[in-house]
Amino acid sequence: MKACLLIVCSLILFSVMGKDSGNGGFHSGFMSDHPSLPIGSPAPPFSLPGTDGKTYSLASFEKSDILVIIFTCNHCPTAQAYEDRIIQLTNDYATKKVSVIAIMPNDPSSINLDELGYTDMGDSFDEMKLRANEKKFNFPYLYDGQNEKVALAYGPIATPHVFIFDNKRILRYSGRIDNIEKPTKTPTERDARNAIDELLAGKPVSVPTTKVFGCSIKWSEKSSWIDKAKVEWAKEPVSLDSIDEKGIRELVQNHSDKLRLINVWATWCGPCVAEFPEFITMNRMYRKRDFEFISISADGIDKKKKALQYLQKQEASNKNYIFSGDDNYKLIDAIDSKWPGALPYTILVEPGGKIVYSKEGSIDPAELKKAIVEDPTIGRYY
């Protein structure tokens with residue numbers, strides 16, 4: 001994993017570090033226009049839809065002595081790293097009149113594709129439902145991405161960001177869950193739990209604010225970045241090189257240090273051209289990591305101009321090849337001896353040549369993205 005540049009931004013209440021996986025480093029989470037709720041403030045009201053089909057408000061938790069609100073999301077690797085701990089936190093305090101809820105604060109339309117390099121899901125409400133079901137969330141997972149009114153009222157700095165309120169719904173703690181991001185390591189400072197325990201014991205919270213570490217909030221005003229990205233993508237050169245049987249075998253052997261996605265397609269293949277934009281999306285999501293997408297056209301070398309025109313229309317700036325031989329059965333055997341031969345055909349190859357995913361026919365994009373991000377070569381976490 002390549003080292004990331006760390007930028008620390010000092011705030012009045014927090015030193016905030018927010019990740020931006022899109023540039024392979026860290027993005028400043030300083031949000032002067034979106035200040036965080038000060039300690040001692042009453043909980044701002046809300047009415048938000050949950051992934052379980054219900055609508056939740058402060059009144060939904062009136063029987064709880066303590067309300068823990070965690071602003072988190074699907075796409076952020078830090079948020080993903082804390083999901084199991086949030087589930088455990090909910091379990092541990094379920095009988096102590098402590099309610100835990102999660103709110104997704106991001107505007108999905110403000111997330112660039114290259115900010116999704118550590119995930120198989122974005123932050124749309126439909127994807128939130130999928131994530132909640134997949135992880136079996138035992139807490140309400142609420143959507144605020146439509147207008148971000150609740151996020152603006154609370155002022156989360158990064159995901160995850162915890163706000164803990166007492167029985168009068170006065171803010172007593174704001175900050176991190178604990179001091180260790182990686183789920184494989186044990187935290188030494190359990191700040192959120194400490195705050196809950198002190199409140200349950202009738203004591204003031206000894207450490208009411210802490211630093212927050214994670215992905216910056218994707219406010220709606222960031223949506224202009226998407227248009228700028230599209231302009232830049234359109235400028236990237238698109239090429240198509242010829243390749244023979246030997247060259248294809250070397251591609252599949254994968255002597256690189258990258259996870260390699262290979263798609264065999266043709267302009268005359270309806271399913272091929274229908275699914276090809278999905279590969280462009282995946283390439284833009286993961287290409288700044290140890291990942292590469294390679295397409296191989298089976299059109300025939302005499303159709304190279306037509307194939308290139310299609311690739312240019314798709315803005316396929318990844319590495320593209322066209323098979324130069326006249327025996328497609330050699331192409332089939334060079335790609336994968338287990339491939340019967342129908343197009344499209346897709347394989348995911350680890351460094352060293354191990355094929356960890358193969359699909360004849362149209363891919364399931366969600367399934368393939370999950371296979372990519374959960375492969376050890378890539379991984380979900382920093």
# chains A, B, ... in the order shown; residues from 1 in each chain; ligands from 1
$ select_by_dssp --residues "segment 88-235 of chain A" --states "strand (DSSP E)" --output "number ranges by chain"
A: 98-104, 141-143, 158-159, 161-165, 171-175, 212-216
$ write_last_selection --atoms "C-alpha atoms" --output "CSV table (one decimal), in the first residue's frame"
chain,number,residue,atom,x,y,z
A,98,VAL,CA,-28.9,3.8,25.2
A,99,SER,CA,-30.0,4.3,21.6
A,100,VAL,CA,-27.5,4.3,18.7
A,101,ILE,CA,-28.4,5.6,15.3
A,102,ALA,CA,-26.4,6.3,12.2
A,103,ILE,CA,-27.0,9.2,9.7
A,104,MET,CA,-25.5,9.3,6.2
A,141,TYR,CA,-29.4,3.9,9.3
A,142,LEU,CA,-30.9,7.2,8.1
A,143,TYR,CA,-30.5,9.0,4.9
A,158,ALA,CA,-15.7,13.5,8.9
A,159,THR,CA,-17.2,10.0,8.7
A,161,HIS,CA,-18.3,11.5,13.7
A,162,VAL,CA,-20.1,10.7,17.0
A,163,PHE,CA,-22.4,13.0,18.9
A,164,ILE,CA,-23.7,11.8,22.3
A,165,PHE,CA,-26.6,13.4,24.0
A,171,LEU,CA,-24.7,17.4,23.6
A,172,ARG,CA,-22.1,16.0,26.0
A,173,TYR,CA,-19.6,14.4,23.7
A,174,SER,CA,-18.5,15.1,20.1
A,175,GLY,CA,-15.6,13.3,18.3
A,212,VAL,CA,-12.1,13.2,14.2
A,213,PHE,CA,-10.4,11.0,11.6
A,214,GLY,CA,-12.1,9.9,8.4
A,215,CYS,CA,-13.4,11.0,5.0
A,216,SER,CA,-14.6,14.6,4.7
$ select_by_dssp --residues "segment 132-170 of chain A" --states "helix (DSSP H, G or I)" --output "MDAnalysis selection string"
chainID A and resid 132:135 149:154
$ write_last_selection --atoms "N, CA and C atoms" --output "CSV table (one decimal), in the first residue's frame"
chain,number,residue,atom,x,y,z
A,132,ALA,N,-26.8,-2.0,4.7
A,132,ALA,CA,-27.4,-2.3,6.0
A,132,ALA,C,-27.8,-3.8,6.1
A,133,ASN,N,-28.3,-4.3,5.0
A,133,ASN,CA,-28.7,-5.7,4.9
A,133,ASN,C,-27.5,-6.6,4.9
A,134,GLU,N,-26.5,-6.2,4.2
A,134,GLU,CA,-25.3,-7.1,4.1
A,134,GLU,C,-24.6,-7.2,5.4
A,135,LYS,N,-24.5,-6.1,6.1
A,135,LYS,CA,-23.8,-6.0,7.4
A,135,LYS,C,-24.7,-6.3,8.6
A,149,LYS,N,-29.9,18.8,5.4
A,149,LYS,CA,-30.3,19.7,6.4
A,149,LYS,C,-29.9,19.3,7.8
A,150,VAL,N,-30.0,18.0,8.1
A,150,VAL,CA,-29.6,17.5,9.4
A,150,VAL,C,-28.1,17.6,9.6
A,151,ALA,N,-27.3,17.2,8.6
A,151,ALA,CA,-25.9,17.3,8.7
A,151,ALA,C,-25.4,18.8,8.9
A,152,LEU,N,-26.1,19.7,8.2
A,152,LEU,CA,-25.8,21.1,8.4
A,152,LEU,C,-26.1,21.6,9.8
A,153,ALA,N,-27.1,21.0,10.4
A,153,ALA,CA,-27.4,21.4,11.8
A,153,ALA,C,-26.5,20.9,12.8
A,154,TYR,N,-26.0,19.7,12.6
A,154,TYR,CA,-25.1,19.0,13.5
A,154,TYR,C,-23.6,19.3,13.2
$ closest_residue --among "A:Met121, A:Ile66, A:Leu368, A:Leu200" --to "Phe279 of chain A" --atoms "only C-alpha atoms"
A:Leu368
$ atom_distance --atom1 "atom CA of Asp375 of chain A" --atom2 "atom CA of Ala266 of chain A"
27.7 Å
$ closest_atom_pairs --of "segment 274-352 of chain A" --to "segment 242-259 of chain A" --cutoff "12 Å" --atoms "only C-alpha atoms" --output "CSV"
residue,atom,partner,partner_atom,distance
A:Asn283,CA,A:Leu259,CA,11.5
A:Tyr286,CA,A:Leu259,CA,9.9
A:Arg287,CA,A:Lys258,CA,9.8
A:Lys288,CA,A:Lys258,CA,10.7
A:Arg289,CA,A:Lys258,CA,8.2
A:Asp290,CA,A:Lys258,CA,4.5
A:Phe291,CA,A:Leu259,CA,4.7
A:Glu292,CA,A:Leu259,CA,6.4
A:Phe293,CA,A:Leu259,CA,8.6
A:Ile294,CA,A:Leu251,CA,8.9
A:Ser295,CA,A:Leu251,CA,10.8
A:Ile296,CA,A:Ile243,CA,8.5
A:Ser297,CA,A:Ser242,CA,9.2
A:Ala298,CA,A:Ile243,CA,10.6
A:Asp299,CA,A:Ser242,CA,11.3
A:Gly300,CA,A:Ser242,CA,9.7
A:Ile301,CA,A:Ser242,CA,7.5
A:Asp302,CA,A:Ser242,CA,10.9
A:Lys303,CA,A:Ser242,CA,11.4
A:Lys304,CA,A:Ser242,CA,8.6
A:Lys305,CA,A:Ser242,CA,11.7
A:Ala307,CA,A:Ser242,CA,11.5
A:Leu308,CA,A:Ser242,CA,11.2
A:Lys319,CA,A:Ser242,CA,11.1
A:Asn320,CA,A:Ser242,CA,8.6
A:Tyr321,CA,A:Ser242,CA,5.4
A:Ile322,CA,A:Ser242,CA,4.8
A:Phe323,CA,A:Ile243,CA,5.2
A:Ser324,CA,A:Asp244,CA,5.4
A:Gly325,CA,A:Asp244,CA,6.0
A:Asp326,CA,A:Asp244,CA,9.7
A:Asp327,CA,A:Glu245,CA,9.5
A:Asn328,CA,A:Glu245,CA,9.6
A:Tyr329,CA,A:Glu245,CA,10.0
A:Lys330,CA,A:Glu245,CA,6.5
A:Leu331,CA,A:Glu245,CA,6.1
A:Ile332,CA,A:Glu245,CA,9.3
A:Asp333,CA,A:Glu245,CA,8.8
A:Ala334,CA,A:Arg249,CA,5.1
A:Ile335,CA,A:Val252,CA,6.5
A:Asp336,CA,A:Val252,CA,8.3
A:Ser337,CA,A:Arg249,CA,11.0
A:Thr346,CA,A:Val252,CA,11.5
A:Ile347,CA,A:Val252,CA,8.9
A:Leu348,CA,A:Leu259,CA,7.2
A:Val349,CA,A:Leu259,CA,5.9
A:Glu350,CA,A:Leu259,CA,4.9
A:Pro351,CA,A:Asn254,CA,5.3
A:Gly352,CA,A:Asn254,CA,5.4
$ closest_residue --among "A:Leu67, A:Ile226, A:Ala81, A:Leu48" --to "Tyr93 of chain A" --atoms "only C-alpha atoms"
A:Leu67
$ closest_residue --among "A:Tyr345, A:Phe71, A:Tyr382, A:Tyr56" --to "Ile217 of chain A" --atoms "only C-alpha atoms"
A:Phe71
